[in-house]
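One file, query_38.cif, carrying mmCIF, C-alpha atoms and all ligand atoms; chains and numbers go by the auth columns:
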data_work
loop_
_atom_site.group_PDB
_atom_site.id
_atom_site.type_symbol
_atom_site.label_atom_id
_atom_site.label_comp_id
_atom_site.label_asym_id
_atom_site.label_seq_id
_atom_site.Cartn_x
_atom_site.Cartn_y
_atom_site.Cartn_z
_atom_site.B_iso_or_equiv
_atom_site.auth_seq_id
_atom_site.auth_asym_id
ATOM 1 C CA MET A 1 105.175 85.217 143.655 0.00 1 A
ATOM 2 C CA ILE A 2 106.630 86.114 140.249 0.00 2 A
ATOM 3 C CA ASP A 3 107.044 89.858 139.752 0.00 3 A
ATOM 4 C CA ILE A 4 106.867 90.068 135.962 0.00 4 A
ATOM 5 C CA THR A 5 108.575 93.489 135.888 0.00 5 A
ATOM 6 C CA SER A 6 111.781 91.872 137.163 0.00 6 A
ATOM 7 C CA LEU A 7 112.130 90.288 133.697 0.00 7 A
ATOM 8 C CA PHE A 8 112.880 93.790 132.371 0.00 8 A
ATOM 9 C CA LYS A 9 116.052 93.802 134.488 0.00 9 A
ATOM 10 C CA VAL A 10 117.590 91.065 132.311 0.00 10 A
ATOM 11 C CA THR A 11 119.754 92.657 129.603 0.00 11 A
ATOM 12 C CA TYR A 12 120.050 91.851 125.887 0.00 12 A
ATOM 13 C CA GLY A 13 121.235 93.400 122.625 0.00 13 A
ATOM 14 C CA LEU A 14 119.208 93.748 119.425 0.00 14 A
ATOM 15 C CA TYR A 15 120.141 92.055 116.171 0.00 15 A
ATOM 16 C CA ILE A 16 118.997 91.175 112.667 0.00 16 A
ATOM 17 C CA VAL A 17 119.384 87.434 112.200 0.00 17 A
ATOM 18 C CA CYS A 18 119.448 86.182 108.606 0.00 18 A
ATOM 19 C CA SER A 19 119.803 83.001 106.638 0.00 19 A
ATOM 20 C CA GLY A 20 119.262 81.755 103.095 0.00 20 A
ATOM 21 C CA ASN A 21 121.155 82.504 99.907 0.00 21 A
ATOM 22 C CA GLU A 22 121.254 85.014 97.044 0.00 22 A
ATOM 23 C CA THR A 23 118.016 83.666 95.573 0.00 23 A
ATOM 24 C CA LYS A 24 116.005 83.514 98.796 0.00 24 A
ATOM 25 C CA GLY A 25 117.132 85.151 102.009 0.00 25 A
ATOM 26 C CA ASN A 26 115.236 86.299 105.053 0.00 26 A
ATOM 27 C CA GLY A 27 115.808 87.780 108.469 0.00 27 A
ATOM 28 C CA TYR A 28 114.119 88.811 111.716 0.00 28 A
ATOM 29 C CA ILE A 29 114.843 90.997 114.731 0.00 29 A
ATOM 30 C CA SER A 30 116.168 89.091 117.716 0.00 30 A
ATOM 31 C CA ASN A 31 117.161 90.016 121.223 0.00 31 A
ATOM 32 C CA THR A 32 117.920 86.446 122.320 0.00 32 A
ATOM 33 C CA PHE A 33 121.417 85.941 120.995 0.00 33 A
ATOM 34 C CA PHE A 34 124.440 85.540 123.261 0.00 34 A
ATOM 35 C CA GLN A 35 127.849 83.911 123.497 0.00 35 A
ATOM 36 C CA VAL A 36 127.975 80.563 125.335 0.00 36 A
ATOM 37 C CA THR A 37 131.626 79.401 124.930 0.00 37 A
ATOM 38 C CA SER A 38 134.916 81.029 123.921 0.00 38 A
ATOM 39 C CA GLU A 39 137.025 78.038 122.773 0.00 39 A
ATOM 40 C CA PRO A 40 135.673 77.678 120.164 0.00 40 A
ATOM 41 C CA PRO A 41 133.417 80.751 120.147 0.00 41 A
ATOM 42 C CA LYS A 42 129.821 79.519 120.141 0.00 42 A
ATOM 43 C CA PHE A 43 126.564 81.441 120.395 0.00 43 A
ATOM 44 C CA ALA A 44 122.974 80.620 121.308 0.00 44 A
ATOM 45 C CA LEU A 45 120.069 81.920 119.276 0.00 45 A
ATOM 46 C CA CYS A 46 116.410 81.507 120.238 0.00 46 A
ATOM 47 C CA CYS A 47 114.102 81.552 117.230 0.00 47 A
ATOM 48 C CA ASN A 48 110.308 81.119 117.240 0.00 48 A
ATOM 49 C CA LYS A 49 109.226 77.984 115.354 0.00 49 A
ATOM 50 C CA ASN A 50 106.691 80.109 113.432 0.00 50 A
ATOM 51 C CA ASN A 51 109.334 82.561 112.180 0.00 51 A
ATOM 52 C CA PHE A 52 109.951 82.101 108.488 0.00 52 A
ATOM 53 C CA THR A 53 113.661 82.554 109.242 0.00 53 A
ATOM 54 C CA SER A 54 113.517 79.472 111.486 0.00 54 A
ATOM 55 C CA GLU A 55 112.759 77.260 108.446 0.00 55 A
ATOM 56 C CA ILE A 56 115.518 78.928 106.444 0.00 56 A
ATOM 57 C CA ILE A 57 118.133 78.444 109.196 0.00 57 A
ATOM 58 C CA GLU A 58 117.177 74.760 109.421 0.00 58 A
ATOM 59 C CA LYS A 59 117.492 74.367 105.656 0.00 59 A
ATOM 60 C CA HIS A 60 120.844 76.161 105.223 0.00 60 A
ATOM 61 C CA GLY A 61 122.529 75.351 108.552 0.00 61 A
ATOM 62 C CA PHE A 62 124.079 78.817 108.890 0.00 62 A
ATOM 63 C CA PHE A 63 122.903 82.173 110.230 0.00 63 A
ATOM 64 C CA SER A 64 124.269 85.707 110.298 0.00 64 A
ATOM 65 C CA VAL A 65 123.795 88.242 113.072 0.00 65 A
ATOM 66 C CA SER A 66 123.996 91.990 112.416 0.00 66 A
ATOM 67 C CA VAL A 67 124.490 94.064 115.567 0.00 67 A
ATOM 68 C CA LEU A 68 122.117 97.045 115.441 0.00 68 A
ATOM 69 C CA HIS A 69 123.207 100.435 116.742 0.00 69 A
ATOM 70 C CA GLN A 70 121.317 102.659 119.160 0.00 70 A
ATOM 71 C CA LYS A 71 120.113 105.109 116.511 0.00 71 A
ATOM 72 C CA ALA A 72 118.926 102.388 114.117 0.00 72 A
ATOM 73 C CA ASN A 73 115.920 103.709 112.184 0.00 73 A
ATOM 74 C CA SER A 74 112.374 102.596 112.950 0.00 74 A
ATOM 75 C CA GLU A 75 111.833 101.165 109.460 0.00 75 A
ATOM 76 C CA ILE A 76 114.415 98.454 110.128 0.00 76 A
ATOM 77 C CA PHE A 77 112.345 97.268 113.149 0.00 77 A
ATOM 78 C CA GLY A 78 109.114 97.566 111.154 0.00 78 A
ATOM 79 C CA ARG A 79 110.504 95.486 108.296 0.00 79 A
ATOM 80 C CA PHE A 80 112.351 92.756 110.239 0.00 80 A
ATOM 81 C CA GLY A 81 110.586 92.661 113.620 0.00 81 A
ATOM 82 C CA TYR A 82 106.855 92.879 112.983 0.00 82 A
ATOM 83 C CA LYS A 83 106.291 91.395 109.522 0.00 83 A
ATOM 84 C CA SER A 84 107.052 87.987 108.099 0.00 84 A
ATOM 85 C CA GLY A 85 109.217 87.220 105.109 0.00 85 A
ATOM 86 C CA ARG A 86 106.426 84.830 104.061 0.00 86 A
ATOM 87 C CA ASP A 87 104.494 87.935 102.951 0.00 87 A
ATOM 88 C CA PHE A 88 107.162 89.986 101.175 0.00 88 A
ATOM 89 C CA ASN A 89 110.859 90.037 100.288 0.00 89 A
ATOM 90 C CA LYS A 90 112.526 91.644 103.304 0.00 90 A
ATOM 91 C CA MET A 91 115.893 91.729 101.544 0.00 91 A
ATOM 92 C CA GLU A 92 114.751 93.924 98.667 0.00 92 A
ATOM 93 C CA GLY A 93 116.479 97.312 98.746 0.00 93 A
ATOM 94 C CA MET A 94 118.720 96.367 101.675 0.00 94 A
ATOM 95 C CA LEU A 95 122.499 96.599 101.702 0.00 95 A
ATOM 96 C CA ILE A 96 123.473 92.912 101.714 0.00 96 A
ATOM 97 C CA LYS A 97 126.830 91.189 101.886 0.00 97 A
ATOM 98 C CA TYR A 98 127.055 87.424 101.309 0.00 98 A
ATOM 99 C CA GLY A 99 129.089 85.610 103.951 0.00 99 A
ATOM 100 C CA ILE A 100 131.653 82.880 103.462 0.00 100 A
ATOM 101 C CA SER A 101 128.859 80.291 103.734 0.00 101 A
ATOM 102 C CA GLY A 102 126.832 82.211 101.116 0.00 102 A
ATOM 103 C CA ILE A 103 124.185 83.475 103.544 0.00 103 A
ATOM 104 C CA PRO A 104 122.997 87.103 103.460 0.00 104 A
ATOM 105 C CA ILE A 105 124.221 89.600 106.047 0.00 105 A
ATOM 106 C CA VAL A 106 122.337 92.889 106.471 0.00 106 A
ATOM 107 C CA LEU A 107 124.741 95.833 106.700 0.00 107 A
ATOM 108 C CA ASN A 108 122.147 98.606 107.174 0.00 108 A
ATOM 109 C CA GLU A 109 122.075 100.198 110.661 0.00 109 A
ATOM 110 C CA SER A 110 124.694 97.671 111.846 0.00 110 A
ATOM 111 C CA ILE A 111 127.986 98.160 113.652 0.00 111 A
ATOM 112 C CA ALA A 112 129.271 94.573 113.362 0.00 112 A
ATOM 113 C CA TYR A 113 128.247 91.186 112.063 0.00 113 A
ATOM 114 C CA LEU A 114 128.886 87.564 112.973 0.00 114 A
ATOM 115 C CA GLU A 115 128.424 84.489 110.823 0.00 115 A
ATOM 116 C CA CYS A 116 127.758 81.128 112.469 0.00 116 A
ATOM 117 C CA LYS A 117 127.406 77.481 111.478 0.00 117 A
ATOM 118 C CA VAL A 118 124.631 75.638 113.299 0.00 118 A
ATOM 119 C CA VAL A 119 126.200 72.824 115.366 0.00 119 A
ATOM 120 C CA GLN A 120 123.288 71.933 117.658 0.00 120 A
ATOM 121 C CA LYS A 121 119.544 72.526 117.861 0.00 121 A
ATOM 122 C CA PHE A 122 117.308 72.184 120.940 0.00 122 A
ATOM 123 C CA ASP A 123 113.534 72.148 121.105 0.00 123 A
ATOM 124 C CA VAL A 124 112.539 74.572 123.889 0.00 124 A
ATOM 125 C CA GLY A 125 108.785 74.528 123.202 0.00 125 A
ATOM 126 C CA THR A 126 107.598 77.539 121.204 0.00 126 A
ATOM 127 C CA HIS A 127 111.168 78.203 120.028 0.00 127 A
ATOM 128 C CA TRP A 128 114.233 76.465 118.621 0.00 128 A
ATOM 129 C CA LEU A 129 117.464 77.129 120.441 0.00 129 A
ATOM 130 C CA PHE A 130 120.207 77.037 117.822 0.00 130 A
ATOM 131 C CA ILE A 131 123.854 76.791 118.864 0.00 131 A
ATOM 132 C CA GLY A 132 126.123 78.320 116.250 0.00 132 A
ATOM 133 C CA GLU A 133 129.907 78.188 115.974 0.00 133 A
ATOM 134 C CA LEU A 134 131.525 81.388 114.770 0.00 134 A
ATOM 135 C CA ILE A 135 133.045 81.172 111.286 0.00 135 A
ATOM 136 C CA ASP A 136 133.490 84.871 110.508 0.00 136 A
ATOM 137 C CA ALA A 137 132.991 88.303 112.120 0.00 137 A
ATOM 138 C CA GLN A 138 133.716 91.932 111.228 0.00 138 A
ATOM 139 C CA VAL A 139 133.329 95.360 112.815 0.00 139 A
ATOM 140 C CA LEU A 140 131.574 97.810 110.490 0.00 140 A
ATOM 141 C CA ASP A 141 131.371 100.986 112.558 0.00 141 A
ATOM 142 C CA GLU A 142 133.356 102.075 115.625 0.00 142 A
ATOM 143 C CA THR A 143 131.430 105.307 116.212 0.00 143 A
ATOM 144 C CA ASN A 144 127.991 104.098 117.324 0.00 144 A
ATOM 145 C CA ASP A 145 126.998 102.134 120.432 0.00 145 A
ATOM 146 C CA PRO A 146 125.083 98.861 120.159 0.00 146 A
ATOM 147 C CA MET A 147 121.337 98.989 120.762 0.00 147 A
ATOM 148 C CA THR A 148 120.220 97.268 123.953 0.00 148 A
ATOM 149 C CA TYR A 149 116.783 95.822 124.613 0.00 149 A
ATOM 150 C CA ALA A 150 116.422 98.156 127.622 0.00 150 A
ATOM 151 C CA TYR A 151 117.177 101.199 125.425 0.00 151 A
ATOM 152 C CA PHE A 152 114.634 99.944 122.877 0.00 152 A
ATOM 153 C CA HIS A 153 111.997 99.759 125.634 0.00 153 A
ATOM 154 C CA GLN A 154 112.837 102.792 127.717 0.00 154 A
ATOM 155 C CA VAL A 155 114.060 105.352 125.187 0.00 155 A
ATOM 156 C CA ARG A 156 112.626 104.167 121.868 0.00 156 A
ATOM 157 C CA LYS A 157 109.398 102.987 123.602 0.00 157 A
ATOM 158 C CA GLY A 158 109.458 99.749 121.599 0.00 158 A
ATOM 159 C CA VAL A 159 107.403 96.656 122.407 0.00 159 A
ATOM 160 C CA ALA A 160 108.439 93.132 121.413 0.00 160 A
ATOM 161 C CA PRO A 161 105.775 91.108 119.531 0.00 161 A
ATOM 162 C CA LYS A 162 104.417 87.716 120.594 0.00 162 A
ATOM 163 C CA ASN A 163 107.067 85.701 118.716 0.00 163 A
ATOM 164 C CA ALA A 164 109.844 87.139 120.877 0.00 164 A
ATOM 165 C CA PRO A 165 110.812 84.763 123.720 0.00 165 A
ATOM 166 C CA THR A 166 110.831 87.746 126.091 0.00 166 A
ATOM 167 C CA TYR A 167 107.314 88.928 125.110 0.00 167 A
ATOM 168 C CA ILE A 168 105.280 90.173 128.058 0.00 168 A
ATOM 169 C CA ASP A 169 101.503 90.383 127.883 0.00 169 A
ATOM 170 C CA GLN A 170 100.696 94.099 128.291 0.00 170 A
ATOM 171 C CA ALA A 171 97.383 93.256 130.005 0.00 171 A
ATOM 172 C CA LYS A 172 99.243 91.340 132.730 0.00 172 A
ATOM 173 C CA LEU A 173 101.744 94.140 133.002 0.00 173 A
ATOM 174 C CA ALA A 174 98.991 96.749 133.290 0.00 174 A
ATOM 175 C CA THR A 175 97.796 95.157 136.521 0.00 175 A
ATOM 176 C CA LYS A 176 101.235 95.997 137.944 0.00 176 A
ATOM 177 C CA VAL A 177 101.227 99.589 136.788 0.00 177 A
ATOM 178 C CA LYS A 178 99.114 102.348 138.332 0.00 178 A
ATOM 179 C CA SER A 179 96.412 103.323 135.808 0.00 179 A
ATOM 180 C CA VAL A 180 96.097 106.875 134.464 0.00 180 A
ATOM 181 C CA LYS A 181 92.963 108.479 133.061 0.00 181 A
ATOM 182 C CA LEU A 182 94.300 109.802 129.752 0.00 182 A
ATOM 183 C CA GLU A 183 93.895 108.193 126.363 0.00 183 A
ATOM 184 C CA LYS A 184 96.379 105.752 124.929 0.00 184 A
ATOM 185 C CA PHE A 185 96.697 104.680 121.313 0.00 185 A
ATOM 186 C CA LYS A 186 98.157 101.416 120.121 0.00 186 A
ATOM 187 C CA CYS A 187 99.974 100.791 116.853 0.00 187 A
ATOM 188 C CA THR A 188 98.239 97.784 115.266 0.00 188 A
ATOM 189 C CA ILE A 189 101.429 96.909 113.391 0.00 189 A
ATOM 190 C CA CYS A 190 104.023 96.757 116.169 0.00 190 A
ATOM 191 C CA GLY A 191 102.062 97.262 119.404 0.00 191 A
ATOM 192 C CA HIS A 192 103.786 100.543 120.328 0.00 192 A
ATOM 193 C CA ILE A 193 101.694 102.561 122.773 0.00 193 A
ATOM 194 C CA TYR A 194 101.333 106.311 122.354 0.00 194 A
ATOM 195 C CA ASP A 195 100.442 107.570 125.819 0.00 195 A
ATOM 196 C CA GLU A 196 99.079 111.139 125.854 0.00 196 A
ATOM 197 C CA ASN A 197 99.844 111.367 129.534 0.00 197 A
ATOM 198 C CA LYS A 198 103.549 110.804 128.957 0.00 198 A
ATOM 199 C CA GLU A 199 103.910 112.516 125.585 0.00 199 A
ATOM 200 C CA LYS A 200 102.018 115.653 126.689 0.00 200 A
ATOM 201 C CA ILE A 201 100.636 116.070 123.150 0.00 201 A
ATOM 202 C CA LYS A 202 97.165 114.869 122.180 0.00 202 A
ATOM 203 C CA PHE A 203 97.340 112.133 119.570 0.00 203 A
ATOM 204 C CA ALA A 204 94.865 114.077 117.410 0.00 204 A
ATOM 205 C CA SER A 205 97.253 117.066 117.410 0.00 205 A
ATOM 206 C CA LEU A 206 100.104 115.103 115.854 0.00 206 A
ATOM 207 C CA ALA A 207 100.869 115.991 112.224 0.00 207 A
ATOM 208 C CA ALA A 208 99.092 113.900 109.576 0.00 208 A
ATOM 209 C CA ASN A 209 102.459 112.582 108.330 0.00 209 A
ATOM 210 C CA TRP A 210 103.544 111.568 111.857 0.00 210 A
ATOM 211 C CA LYS A 211 104.856 107.980 111.910 0.00 211 A
ATOM 212 C CA CYS A 212 105.109 105.323 114.583 0.00 212 A
ATOM 213 C CA PRO A 213 108.580 105.827 116.132 0.00 213 A
ATOM 214 C CA ILE A 214 109.079 102.071 116.329 0.00 214 A
ATOM 215 C CA CYS A 215 107.931 100.592 113.019 0.00 215 A
ATOM 216 C CA GLY A 216 107.264 103.681 110.875 0.00 216 A
ATOM 217 C CA ALA A 217 103.519 102.870 110.465 0.00 217 A
ATOM 218 C CA ASP A 218 101.117 105.710 109.544 0.00 218 A
ATOM 219 C CA LYS A 219 98.976 107.451 112.157 0.00 219 A
ATOM 220 C CA LYS A 220 95.860 105.713 110.776 0.00 220 A
ATOM 221 C CA GLU A 221 97.254 102.344 111.943 0.00 221 A
ATOM 222 C CA PHE A 222 96.703 103.394 115.600 0.00 222 A
ATOM 223 C CA ILE A 223 93.618 102.486 117.623 0.00 223 A
ATOM 224 C CA VAL A 224 92.412 103.876 120.943 0.00 224 A
ATOM 225 C CA ILE A 225 92.858 101.477 123.847 0.00 225 A
HETATM 226 C C1 LIG B . 112.518 93.947 119.820 0.00 301 B
HETATM 227 C C2 LIG B . 112.186 92.617 119.205 0.00 301 B
HETATM 228 C C3 LIG B . 112.815 91.466 119.670 0.00 301 B
HETATM 229 C C4 LIG B . 112.512 90.219 119.122 0.00 301 B
HETATM 230 N N1 LIG B . 113.177 89.114 119.556 0.00 301 B
HETATM 231 C C5 LIG B . 112.900 87.905 119.013 0.00 301 B
HETATM 232 C C6 LIG B . 113.644 86.754 119.391 0.00 301 B
HETATM 233 O O1 LIG B . 114.590 86.837 120.178 0.00 301 B
HETATM 234 N N2 LIG B . 113.279 85.560 118.851 0.00 301 B
HETATM 235 C C7 LIG B . 112.263 85.434 117.955 0.00 301 B
HETATM 236 O O2 LIG B . 111.994 84.328 117.501 0.00 301 B
HETATM 237 N N3 LIG B . 111.554 86.516 117.546 0.00 301 B
HETATM 238 C C8 LIG B . 111.862 87.740 118.037 0.00 301 B
HETATM 239 N N4 LIG B . 111.187 88.852 117.612 0.00 301 B
HETATM 240 C C9 LIG B . 110.059 88.669 116.694 0.00 301 B
HETATM 241 C C10 LIG B . 110.476 88.500 115.223 0.00 301 B
HETATM 242 O O3 LIG B . 111.431 89.465 114.847 0.00 301 B
HETATM 243 C C11 LIG B . 109.221 88.635 114.346 0.00 301 B
HETATM 244 O O4 LIG B . 108.282 87.654 114.708 0.00 301 B
HETATM 245 C C12 LIG B . 109.510 88.581 112.847 0.00 301 B
HETATM 246 O O5 LIG B . 108.428 89.169 112.180 0.00 301 B
HETATM 247 C C13 LIG B . 109.732 87.175 112.299 0.00 301 B
HETATM 248 O O6 LIG B . 110.019 87.318 110.904 0.00 301 B
HETATM 249 P P1 LIG B . 110.075 86.103 109.885 0.00 301 B
HETATM 250 O O7 LIG B . 108.743 85.367 109.947 0.00 301 B
HETATM 251 O O8 LIG B . 110.267 86.765 108.543 0.00 301 B
HETATM 252 O O9 LIG B . 111.222 85.222 110.256 0.00 301 B
HETATM 253 C C14 LIG B . 111.520 90.119 118.101 0.00 301 B
HETATM 254 C C15 LIG B . 110.927 91.284 117.604 0.00 301 B
HETATM 255 C C16 LIG B . 111.256 92.519 118.149 0.00 301 B
HETATM 256 C C17 LIG B . 110.619 93.776 117.589 0.00 301 B
#
Whole structure, structure tokens version:
Amino acid sequence: MIDITSLFKVTYGLYIVCSGNETKGNGYISNTFFQVTSEPPKFALCCNKNNFTSEIIEKHGFFSVSVLHQKANSEIFGRFGYKSGRDFNKMEGMLIKYGISGIPIVLNESIAYLECKVVQKFDVGTHWLFIGELIDAQVLDETNDPMTYAYFHQVRKGVAPKNAPTYIDQAKLATKVKSVKLEKFKCTICGHIYDENKEKIKFASLAANWKCPICGADKKEFIVI
């Protein structure tokens, strides 16, 4: 029998993956990025076919990866992880560097970046698995630790949306977890759950300007579940 909670024991980092050019660039939050060979250095990237960034990577043949740090602000997740660049310009107002291939690299909240040329592409069903060969990389900040997916879940209480390859249906998960009788509120933007039982503060008692700790959404975006 598959114990779905064992999937949480697999470790990942968290990144902003971008592609495009100065006229039109876009990016998304990814946890499925990892090194696959060292000579030459190649990396695998798993990108949902519905992600706008997927189309842009296919068109340009290059992608950049910004390594997010542990204290990265919630707005960066809200902007890149729960909304699509089809609906607004995600790059507007961001600190962008253009790589040697001309693709955008987000510098905000990042401790390093890598730039890769796509050398292979595999169809893995809902997602494309891109293999990228490293063409450039820089460290931006030596003082902060990289954000891990486990830290995002356990400390930042973040939830990955459906497009993430590691998405887990909360309803399925709930059957594994002992139920409690206090109210829970769900952020309709990013899916973050505010659990009164754990937080020890009633949701109604939170200040009116309180924001979702994951995506920065207003209190009014939460619904009781
Ligand atoms: C923590 C987290 C991890 C994610 N990991 C992935 C991933 O590995 N692959 C993926 O395709 N989408 C992933 N996503 C979902 C995309 O970031 C999200 O669907 C994004 O809105 C797509 O943006 P785009 O349409 O502008 O490309 C993740 C989101 C979050 C918040």
*Cut-off 6 Å, all atoms listed in the file, neighbours of ligand LIG 301 (chain B) as a VMD selection string*: chain A and resid 27 to 32 46 to 48 51 to 53 77 80 to 85 160 to 161 163 to 165
Build an axis-aligned box that encloses every atom of region 68-75 of chain A listed in the file, pad it by 6 Å on each side, and report its centre and edge lengths in Å to one decimal, as AutoDock Vina command-line options.
--center_x 117.5 --center_y 101.1 --center_z 114.3 --size_x 23.4 --size_y 20.1 --size_z 21.7
*Expressed in Å to a single decimal, how great is the separation between CA of Ala112 (chain A) and CA of Gly191 (chain A)?*
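If I compute the distance from CA of Ala112 (chain A) to CA of Gly191 (chain A), I get 28.0 Å.
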_Residue IDs satisfying the PyMOL selection byres (((chain A and resi 139) around 7) and not hetatm), as a PyMOL selection string_ = chain A and resi 111-113+138+140-141
*asked:* Here's the selection I'm unsure about, the PyMOL selection byres (((chain A and resi 5-16) around 9) and not hetatm); applied to the file above, which residues does it give, as a ChimeraX atom specification?
replied: /A:2-4,17-18,27-34,64-69,76,80-81,105-106,110,146-150,152,166,168,173,176
*Which residue of A:Asn144, A:Ser19, A:Asn209, A:Asn26 approaches Met94 (chain A) most closely, using all atoms listed in the file*: A:Asn26
*Which is closer to Cys215 (chain A) than all the others in A:His127, A:Arg79, A:Lys198, A:Lys59, using all atoms listed in the file?*
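Closest to Cys215 (chain A) of all the choices is A:Arg79.
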_Could you check the closest approach to Glu55 (chain A) for each of A:Gly25, A:Ile96, A:Ala137, A:Gln35 and tell me which residue wins, using all atoms listed in the file?_
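Result for the nearest residue to Glu55 (chain A): A:Gly25.
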*Pick the closest to Lys211 (chain A) from A:Ile135, A:Glu75, A:Ser54, A:Leu107: which is it, counting only C-alpha atoms?*
A:Glu75
The PyMOL selection byres (((chain A and resi 129) around 6) and not hetatm) resolved against shown file, as an mmCIF file with C-alpha atoms, in the coordinates of the input:
data_model
loop_
_atom_site.group_PDB
_atom_site.id
_atom_site.type_symbol
_atom_site.label_atom_id
_atom_site.label_comp_id
_atom_site.auth_asym_id
_atom_site.auth_seq_id
_atom_site.Cartn_x
_atom_site.Cartn_y
_atom_site.Cartn_z
ATOM 1 C CA LEU A 45 120.069 81.920 119.276
ATOM 2 C CA CYS A 46 116.410 81.507 120.238
ATOM 3 C CA LYS A 121 119.544 72.526 117.861
ATOM 4 C CA PHE A 122 117.308 72.184 120.940
ATOM 5 C CA TRP A 128 114.233 76.465 118.621
ATOM 6 C CA PHE A 130 120.207 77.037 117.822
#
*asked:* List as a PyMOL selection string the residues having at least one atom at most 12 Å from position (88.8, 105.9, 114.3) as given in the file, counting all atoms listed in the file.
replied: chain A and resi 185-186+203-204+219-225
*Which residue out of A:Glu58, A:Leu182, A:His153, A:Gln120 has the minimum interatomic distance to Asn197 (chain A) when all atoms listed in the file are used?*
A:Leu182
_What's the separation between CA of Pro213 (chain A) and CA of Gln154 (chain A), in Å to one decimal place?_
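Computed distance, CA of Pro213 (chain A) to CA of Gln154 (chain A), equals 12.7 Å.
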*Looking at only C-alpha atoms, which of A:Asp169, A:Glu183, A:Glu133, A:Asp218 is the one that sits closest to Thr37 (chain A)?*
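Among the listed residues, A:Glu133 lies closest to Thr37 (chain A).
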*Separation of CA of Val36 (chain A) and CA of Pro104 (chain A), in Å?*
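If I compute the distance from CA of Val36 (chain A) to CA of Pro104 (chain A), I get 23.4 Å.
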*Could you give me, as number ranges by chain, the residues within 9 Å of Tyr151 (chain A), counting only C-alpha atoms and dropping anything in the same chain fewer than 6 positions from it?*
A: 70, 157-158
